[in-house]
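Shown here: my_file34.txt, compact mmCIF, C-alpha atoms.
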```txt
# COMPACT_ATOMS: atom_id res chain seq x y z
CA MET A 1 6.98 4.00 -40.96
CA ASN A 2 3.89 1.90 -40.54
CA PRO A 3 0.92 4.20 -41.40
CA ASP A 4 -1.18 2.51 -38.68
CA MET A 5 1.27 3.52 -35.96
CA ALA A 6 0.83 6.95 -34.41
CA PRO A 7 3.99 9.05 -34.17
CA PRO A 8 5.46 9.42 -30.68
CA PRO A 9 4.33 12.51 -28.76
CA PRO A 10 6.68 15.52 -28.92
CA LEU A 11 9.00 15.91 -25.97
CA ASP A 12 7.32 19.20 -25.03
CA GLY A 13 3.79 17.95 -25.72
CA PRO A 14 0.92 17.60 -23.25
CA VAL A 15 1.62 13.92 -22.61
CA GLU A 16 5.23 14.62 -21.65
CA ARG A 17 4.18 17.56 -19.48
CA TYR A 18 1.66 15.31 -17.74
CA ALA A 19 4.39 12.71 -17.15
CA ALA A 20 6.81 15.36 -15.85
CA GLU A 21 4.24 16.70 -13.39
CA LEU A 22 3.49 13.17 -12.24
CA ALA A 23 7.18 12.38 -11.72
CA ALA A 24 7.62 15.59 -9.70
CA ALA A 25 4.68 14.67 -7.45
CA LEU A 26 5.96 11.19 -6.57
CA ARG A 27 8.51 10.05 -3.99
CA GLY A 28 10.06 6.63 -3.72
CA PRO A 29 12.75 4.37 -5.19
CA ALA A 30 14.01 5.90 -8.45
CA GLY A 31 13.64 2.73 -10.50
CA ALA A 32 10.09 2.02 -9.39
CA ARG A 33 9.11 5.67 -9.84
CA GLU A 34 10.50 5.81 -13.37
CA ARG A 35 8.74 2.56 -14.26
CA LEU A 36 5.36 3.81 -13.05
CA VAL A 37 5.71 7.16 -14.80
CA ALA A 38 6.72 5.43 -18.04
CA GLU A 39 3.69 3.12 -17.84
CA VAL A 40 1.33 6.06 -17.32
CA ARG A 41 2.99 8.11 -20.07
CA ASP A 42 2.80 5.27 -22.59
CA GLY A 43 -0.79 4.47 -21.67
CA LEU A 44 -1.84 8.10 -21.95
CA ALA A 45 -0.09 8.48 -25.30
CA GLU A 46 -1.82 5.38 -26.64
CA THR A 47 -5.21 6.68 -25.44
CA VAL A 48 -4.63 10.06 -27.11
CA ALA A 49 -3.61 8.30 -30.32
CA ALA A 50 -6.76 6.15 -30.19
CA TYR A 51 -8.99 9.22 -29.87
CA GLU A 52 -7.18 10.95 -32.72
CA ALA A 53 -7.50 7.83 -34.89
CA ALA A 54 -11.26 8.02 -34.27
CA GLY A 55 -11.29 11.53 -35.70
CA VAL A 56 -11.19 13.54 -32.46
CA PRO A 57 -9.18 16.80 -32.78
CA ALA A 58 -5.79 16.74 -31.06
CA GLU A 59 -6.54 19.13 -28.19
CA ARG A 60 -9.85 17.46 -27.41
CA ALA A 61 -8.19 14.02 -27.68
CA VAL A 62 -5.77 15.04 -24.94
CA ARG A 63 -8.59 16.33 -22.71
CA GLU A 64 -10.60 13.14 -23.20
CA ALA A 65 -7.57 10.95 -22.48
CA VAL A 66 -6.71 12.86 -19.30
CA ALA A 67 -10.34 12.68 -18.18
CA GLU A 68 -10.21 8.92 -18.70
CA PHE A 69 -6.90 8.51 -16.85
CA GLY A 70 -7.57 11.05 -14.13
CA SER A 71 -5.76 14.22 -13.12
CA VAL A 72 -2.10 14.20 -12.14
CA ALA A 73 -3.12 14.45 -8.47
CA GLU A 74 -5.48 11.46 -8.76
CA VAL A 75 -2.97 9.27 -10.57
CA ALA A 76 -0.18 10.35 -8.21
CA ALA A 77 -2.21 9.29 -5.18
CA SER A 78 -2.65 5.82 -6.64
CA CYS A 79 0.99 5.48 -7.69
CA GLN A 80 2.28 6.86 -4.39
CA ARG A 81 0.73 4.05 -2.38
CA GLU A 82 2.70 1.51 -4.39
CA LEU A 83 5.89 3.56 -4.16
CA THR A 84 5.48 3.99 -0.40
CA VAL A 85 5.42 0.23 0.11
CA ALA A 86 8.45 -0.12 -2.19
CA GLN A 87 10.34 2.54 -0.22
CA ALA A 88 9.43 0.90 3.07
CA ARG A 89 10.90 -2.36 1.80
CA HIS A 90 14.00 -0.49 0.63
CA THR A 91 14.49 1.06 4.07
CA ALA A 92 13.80 -2.24 5.81
CA ARG A 93 16.43 -3.96 3.67
CA ALA A 94 18.92 -1.23 4.57
CA LEU A 95 18.24 -1.81 8.26
CA ALA A 96 18.51 -5.57 7.88
CA LEU A 97 21.82 -5.29 6.03
CA THR A 98 23.41 -2.77 8.40
CA GLY A 99 22.39 -4.65 11.54
CA PRO A 100 25.28 -7.15 11.32
CA PHE A 101 27.74 -4.27 10.85
CA LEU A 102 26.49 -2.65 14.03
CA VAL A 103 26.87 -5.91 15.93
CA ALA A 104 30.39 -6.09 14.52
CA CYS A 105 31.06 -2.72 16.18
CA TRP A 106 30.43 -4.32 19.54
CA TRP A 107 32.86 -7.13 18.87
CA LEU A 108 35.51 -4.69 17.69
CA VAL A 109 35.16 -2.35 20.65
CA ARG A 110 35.30 -5.32 23.04
CA GLY A 111 38.97 -5.53 22.18
CA THR A 112 39.79 -1.95 23.19
CA GLY A 113 40.30 -2.74 26.88
CA ASP A 114 39.20 -4.68 29.90
CA GLY A 115 35.92 -2.77 30.20
CA GLN A 116 36.49 -1.88 33.90
CA GLY A 117 35.74 1.80 33.46
CA GLY A 118 37.35 4.81 31.90
CA VAL A 119 37.59 5.20 28.15
CA SER A 120 37.46 1.52 27.32
CA GLY A 121 34.50 0.90 29.57
CA PHE A 122 32.63 3.86 28.09
CA ALA A 123 33.31 2.69 24.53
CA GLN A 124 32.07 -0.77 25.36
CA GLN A 125 28.88 0.59 26.91
CA VAL A 126 28.21 2.59 23.75
CA ALA A 127 28.79 -0.48 21.62
CA VAL A 128 26.52 -2.64 23.77
CA GLN A 129 23.70 -0.12 23.41
CA LEU A 130 24.31 0.03 19.65
CA SER A 131 24.22 -3.73 19.25
CA SER A 132 20.93 -3.86 21.17
CA ALA A 133 19.44 -1.20 18.90
CA ALA A 134 20.73 -3.11 15.90
CA ALA A 135 19.02 -6.31 17.04
CA VAL A 136 15.69 -4.50 17.45
CA ALA A 137 16.06 -2.81 14.06
CA VAL A 138 16.80 -6.11 12.32
CA VAL A 139 13.73 -7.77 13.86
CA LEU A 140 11.48 -4.88 12.84
CA ALA A 141 13.01 -4.86 9.36
CA ALA A 142 12.33 -8.57 8.94
CA LEU A 143 8.71 -8.09 10.04
CA ALA A 144 8.32 -5.16 7.63
CA LEU A 145 9.68 -7.16 4.70
CA ALA A 146 7.33 -10.02 5.51
CA ALA A 147 4.28 -7.80 5.97
CA THR A 148 4.87 -5.90 2.72
CA GLY A 149 5.65 -9.06 0.79
CA ALA A 150 3.81 -12.36 0.70
CA TRP A 151 2.02 -11.71 4.00
CA GLY A 152 0.73 -8.32 2.86
CA ARG A 153 -2.52 -9.76 1.48
CA TRP A 154 -3.41 -11.08 4.95
CA LEU A 155 -2.21 -7.97 6.80
CA PRO A 156 -3.73 -5.04 4.87
CA VAL A 157 -4.02 -2.75 7.90
CA ALA A 158 -0.44 -3.45 8.97
CA THR A 159 0.73 -2.82 5.42
CA GLU A 160 -0.91 0.62 5.46
CA ARG A 161 0.63 1.63 8.77
CA LEU A 162 3.98 -0.10 8.43
CA PRO A 163 5.76 2.40 6.14
CA ALA A 164 5.54 5.13 8.79
CA ALA A 165 6.78 2.70 11.45
CA VAL A 166 9.69 1.65 9.23
CA ALA A 167 10.46 5.30 8.44
CA TRP A 168 10.70 6.33 12.09
CA THR A 169 12.55 3.17 13.09
CA GLY A 170 15.09 3.91 10.38
CA THR A 171 15.31 7.52 11.50
CA ALA A 172 15.92 6.53 15.11
CA ALA A 173 18.51 3.97 14.04
CA SER A 174 20.31 6.49 11.81
CA VAL A 175 20.44 9.03 14.66
CA ALA A 176 21.88 6.36 16.97
CA MET A 177 24.46 5.52 14.32
CA ALA A 178 25.47 9.17 13.96
CA VAL A 179 25.82 9.64 17.73
CA THR A 180 27.79 6.42 17.97
CA THR A 181 30.11 7.52 15.17
CA LEU A 182 30.89 10.79 16.95
CA THR A 183 31.32 9.02 20.30
CA LEU A 184 33.69 6.40 18.94
CA ALA A 185 35.64 9.02 17.00
CA THR A 186 36.20 10.90 20.27
CA VAL A 187 37.06 7.76 22.20
CA ALA A 188 39.55 6.70 19.53
CA PHE A 189 41.95 9.48 20.54
CA LEU A 190 42.25 8.03 24.06
CA ALA A 191 41.76 4.30 23.51
CA GLU A 192 44.78 2.04 23.81
CA GLN A 193 43.79 -0.01 20.76
CA TRP A 194 42.49 2.97 18.76
CA PRO A 195 42.55 1.27 15.32
CA LEU A 196 39.71 -1.05 16.42
CA THR A 197 37.71 1.88 17.72
CA VAL A 198 38.29 3.81 14.51
CA LEU A 199 37.14 0.82 12.48
CA ALA A 200 34.02 0.47 14.63
CA GLY A 201 33.29 4.16 14.11
CA ALA A 202 33.75 3.76 10.36
CA LEU A 203 31.25 0.89 10.34
CA ALA A 204 28.75 3.01 12.28
CA ALA A 205 29.27 5.91 9.85
CA ALA A 206 28.76 3.67 6.81
CA SER A 207 25.60 2.26 8.38
CA HIS A 208 24.31 5.77 9.02
CA ALA A 209 24.94 6.74 5.39
CA ALA A 210 23.05 3.67 4.16
CA VAL A 211 20.00 4.17 6.38
CA ALA A 212 19.57 7.93 6.86
CA GLY A 213 18.72 8.86 3.27
CA SER A 214 16.38 5.93 2.78
CA ALA A 215 14.57 6.68 6.07
CA ARG A 216 14.12 10.34 5.05
CA VAL A 217 12.52 9.36 1.73
CA CYS A 218 10.38 6.80 3.55
CA ARG A 219 9.06 9.54 5.86
CA GLU A 220 8.15 11.65 2.82
CA CYS A 221 6.41 8.69 1.17
CA ALA A 222 4.42 7.89 4.32
CA ARG A 223 3.34 11.53 4.62
CA LEU A 224 2.21 11.71 0.99
CA SER A 225 0.32 8.42 1.28
CA ALA A 226 -1.47 9.67 4.40
CA LEU A 227 -2.55 12.80 2.52
CA ALA A 228 -3.78 10.85 -0.52
```
Show me this structure written as structure tokens.
Amino acid sequence: MNPDMAPPPPLDGPVERYAAELAAALRGPAGARERLVAEVRDGLAETVAAYEAAGVPAERAVREAVAEFGSVAEVAASCQRELTVAQARHTARALALTGPFLVACWWLVRGTGDGQGGVSGFAQQVAVQLSSAAAVAVVLAALALAATGAWGRWLPVATERLPAAVAWTGTAASVAMAVTTLTLATVAFLAEQWPLTVLAGALAAASHAAVAGSARVCRECARLSALA
């Protein structure tokens, strides 16, 4: 081993405990969260090693390094803002990708009857409402992706407020998807061309699964960022 290189910190050492507490305090996309925690852990370990190389006792070196980096709460607040934007983009992408599937539901349910009332007419009305919600969600998702991407530098206020808007848009969309799934599942028992209705319900269910979890995490991220 190179004598100039400090040994890695023990897995149960103060640096690893600091990193574990930081990881537990953060919410957001797993990959981005792990990357940020790893960067902080490595930087803190290097700072501790630098103090120790200067002759500072180990326990004091850790205290000095933490004082330089900031407490877990302080570092978490800074990291959470970045993770909140990342989660908002993740949720917006989910909305943008599921929008076409929801529009496809409308086209599928169109084929279940003549739409003059009764079961077929009810199914078509549900699908029309769903496709309208999908169109709105896709537009908002596109705006969110733009505002948190290249346009973010010119729209700082919008970038701060957008994650909460994306979170609640995703939540509303996921609720609509769940209701639509249940409605189409019920209608499928009475529809003449029930396979199309079942397929439309499956698309709505898959869209709900893709959006609901991401929207929930986005709400948590927006709440933590507001408290920071």
message = Between CA of Arg60 in chain A and CA of Glu39 in chain A, what distance in Å does the model show, to one decimal?
response =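 Here the two named atoms are 21.9 Å from each other.
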Counting all atoms listed in the file, the residue of A:Ala165, A:Ala24, A:Ala178, A:Ala86 that sits nearest Ala73 in chain A = A:Ala24
inquiry  = Need the shell around Ala204 in chain A: protein/DNA/RNA residues with any atom at most 8 Å away, counting all atoms listed in the file. Skip same-chain ones fewer than 2 positions apart. Format as a PyMOL selection string?
reply    = chain A and resi 101-102+105+177-178+180-181+200-202+206-208
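Checking A:Leu36, A:Ala23, A:Leu95, A:Ala30 one by one against Glu82 in chain A, counting all atoms listed in the file, you find the shortest gap at A:Leu36.
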Could you produce a table of the residues of range 51-95 of chain A lying within 9 Å of range 213-220 of chain A, with the nearest pair of atoms per residue and their separation in Å rounded to one decimal, using all atoms listed in the file, ordered by chain and increasing residue number, as a tab-separated table?
```
residue	atom	partner	partner_atom	distance
A:Thr84	CA	A:Cys218	CA	6.9
A:Val85	CA	A:Cys218	CA	8.9
A:Gln87	CA	A:Cys218	CA	5.7
A:Ala88	CA	A:Cys218	CA	6.0
A:His90	CA	A:Ser214	CA	7.2
A:Thr91	CA	A:Ser214	CA	5.4
A:Ala92	CA	A:Ala215	CA	9.0
A:Ala94	CA	A:Ser214	CA	7.8
```
How about completing range 39-58 of chain A with N, CA, C and O atoms and giving it to me as a short mmCIF file (atom, residue, chain, number, x, y, z; two decimals), in the frame of the given file?
```cif
data_model
loop_
_atom_site.label_atom_id
_atom_site.label_comp_id
_atom_site.auth_asym_id
_atom_site.auth_seq_id
_atom_site.Cartn_x
_atom_site.Cartn_y
_atom_site.Cartn_z
N GLU A 39 4.92 3.85 -17.54
CA GLU A 39 3.69 3.12 -17.84
C GLU A 39 2.52 4.08 -18.05
O GLU A 39 1.73 3.92 -19.00
N VAL A 40 2.42 5.09 -17.18
CA VAL A 40 1.33 6.06 -17.32
C VAL A 40 1.51 6.87 -18.59
O VAL A 40 0.54 7.10 -19.34
N ARG A 41 2.74 7.31 -18.87
CA ARG A 41 2.99 8.11 -20.07
C ARG A 41 2.63 7.33 -21.32
O ARG A 41 1.95 7.85 -22.23
N ASP A 42 3.08 6.08 -21.40
CA ASP A 42 2.80 5.27 -22.59
C ASP A 42 1.30 5.02 -22.73
O ASP A 42 0.75 5.07 -23.84
N GLY A 43 0.64 4.71 -21.61
CA GLY A 43 -0.79 4.47 -21.67
C GLY A 43 -1.57 5.71 -22.10
O GLY A 43 -2.51 5.62 -22.90
N LEU A 44 -1.17 6.86 -21.57
CA LEU A 44 -1.84 8.10 -21.95
C LEU A 44 -1.61 8.43 -23.42
O LEU A 44 -2.55 8.84 -24.13
N ALA A 45 -0.38 8.22 -23.88
CA ALA A 45 -0.09 8.48 -25.30
C ALA A 45 -0.90 7.57 -26.21
O ALA A 45 -1.41 8.00 -27.25
N GLU A 46 -1.03 6.31 -25.83
CA GLU A 46 -1.82 5.38 -26.64
C GLU A 46 -3.30 5.78 -26.65
O GLU A 46 -3.97 5.67 -27.69
N THR A 47 -3.80 6.26 -25.51
CA THR A 47 -5.21 6.68 -25.44
C THR A 47 -5.44 7.91 -26.31
O THR A 47 -6.46 8.01 -27.02
N VAL A 48 -4.52 8.87 -26.25
CA VAL A 48 -4.63 10.06 -27.11
C VAL A 48 -4.62 9.65 -28.57
O VAL A 48 -5.43 10.14 -29.38
N ALA A 49 -3.70 8.76 -28.93
CA ALA A 49 -3.61 8.30 -30.32
C ALA A 49 -4.89 7.60 -30.76
O ALA A 49 -5.34 7.76 -31.90
N ALA A 50 -5.52 6.84 -29.86
CA ALA A 50 -6.76 6.15 -30.19
C ALA A 50 -7.89 7.14 -30.47
O ALA A 50 -8.67 6.98 -31.41
N TYR A 51 -7.96 8.19 -29.64
CA TYR A 51 -8.99 9.22 -29.87
C TYR A 51 -8.75 9.94 -31.20
O TYR A 51 -9.69 10.21 -31.95
N GLU A 52 -7.49 10.26 -31.47
CA GLU A 52 -7.18 10.95 -32.72
C GLU A 52 -7.48 10.06 -33.92
O GLU A 52 -7.95 10.55 -34.96
N ALA A 53 -7.20 8.75 -33.80
CA ALA A 53 -7.50 7.83 -34.89
C ALA A 53 -9.00 7.74 -35.15
O ALA A 53 -9.43 7.43 -36.28
N ALA A 54 -9.80 8.04 -34.12
CA ALA A 54 -11.26 8.02 -34.27
C ALA A 54 -11.79 9.34 -34.81
O ALA A 54 -13.01 9.52 -34.92
N GLY A 55 -10.88 10.27 -35.11
CA GLY A 55 -11.29 11.53 -35.70
C GLY A 55 -11.46 12.67 -34.72
O GLY A 55 -11.93 13.75 -35.10
N VAL A 56 -11.08 12.47 -33.46
CA VAL A 56 -11.19 13.54 -32.46
C VAL A 56 -10.03 14.51 -32.64
O VAL A 56 -8.88 14.08 -32.77
N PRO A 57 -10.27 15.83 -32.66
CA PRO A 57 -9.18 16.80 -32.78
C PRO A 57 -8.15 16.62 -31.67
O PRO A 57 -8.46 16.16 -30.57
N ALA A 58 -6.91 17.02 -31.96
CA ALA A 58 -5.79 16.74 -31.06
C ALA A 58 -6.00 17.28 -29.65
O ALA A 58 -5.81 16.55 -28.67
#
```
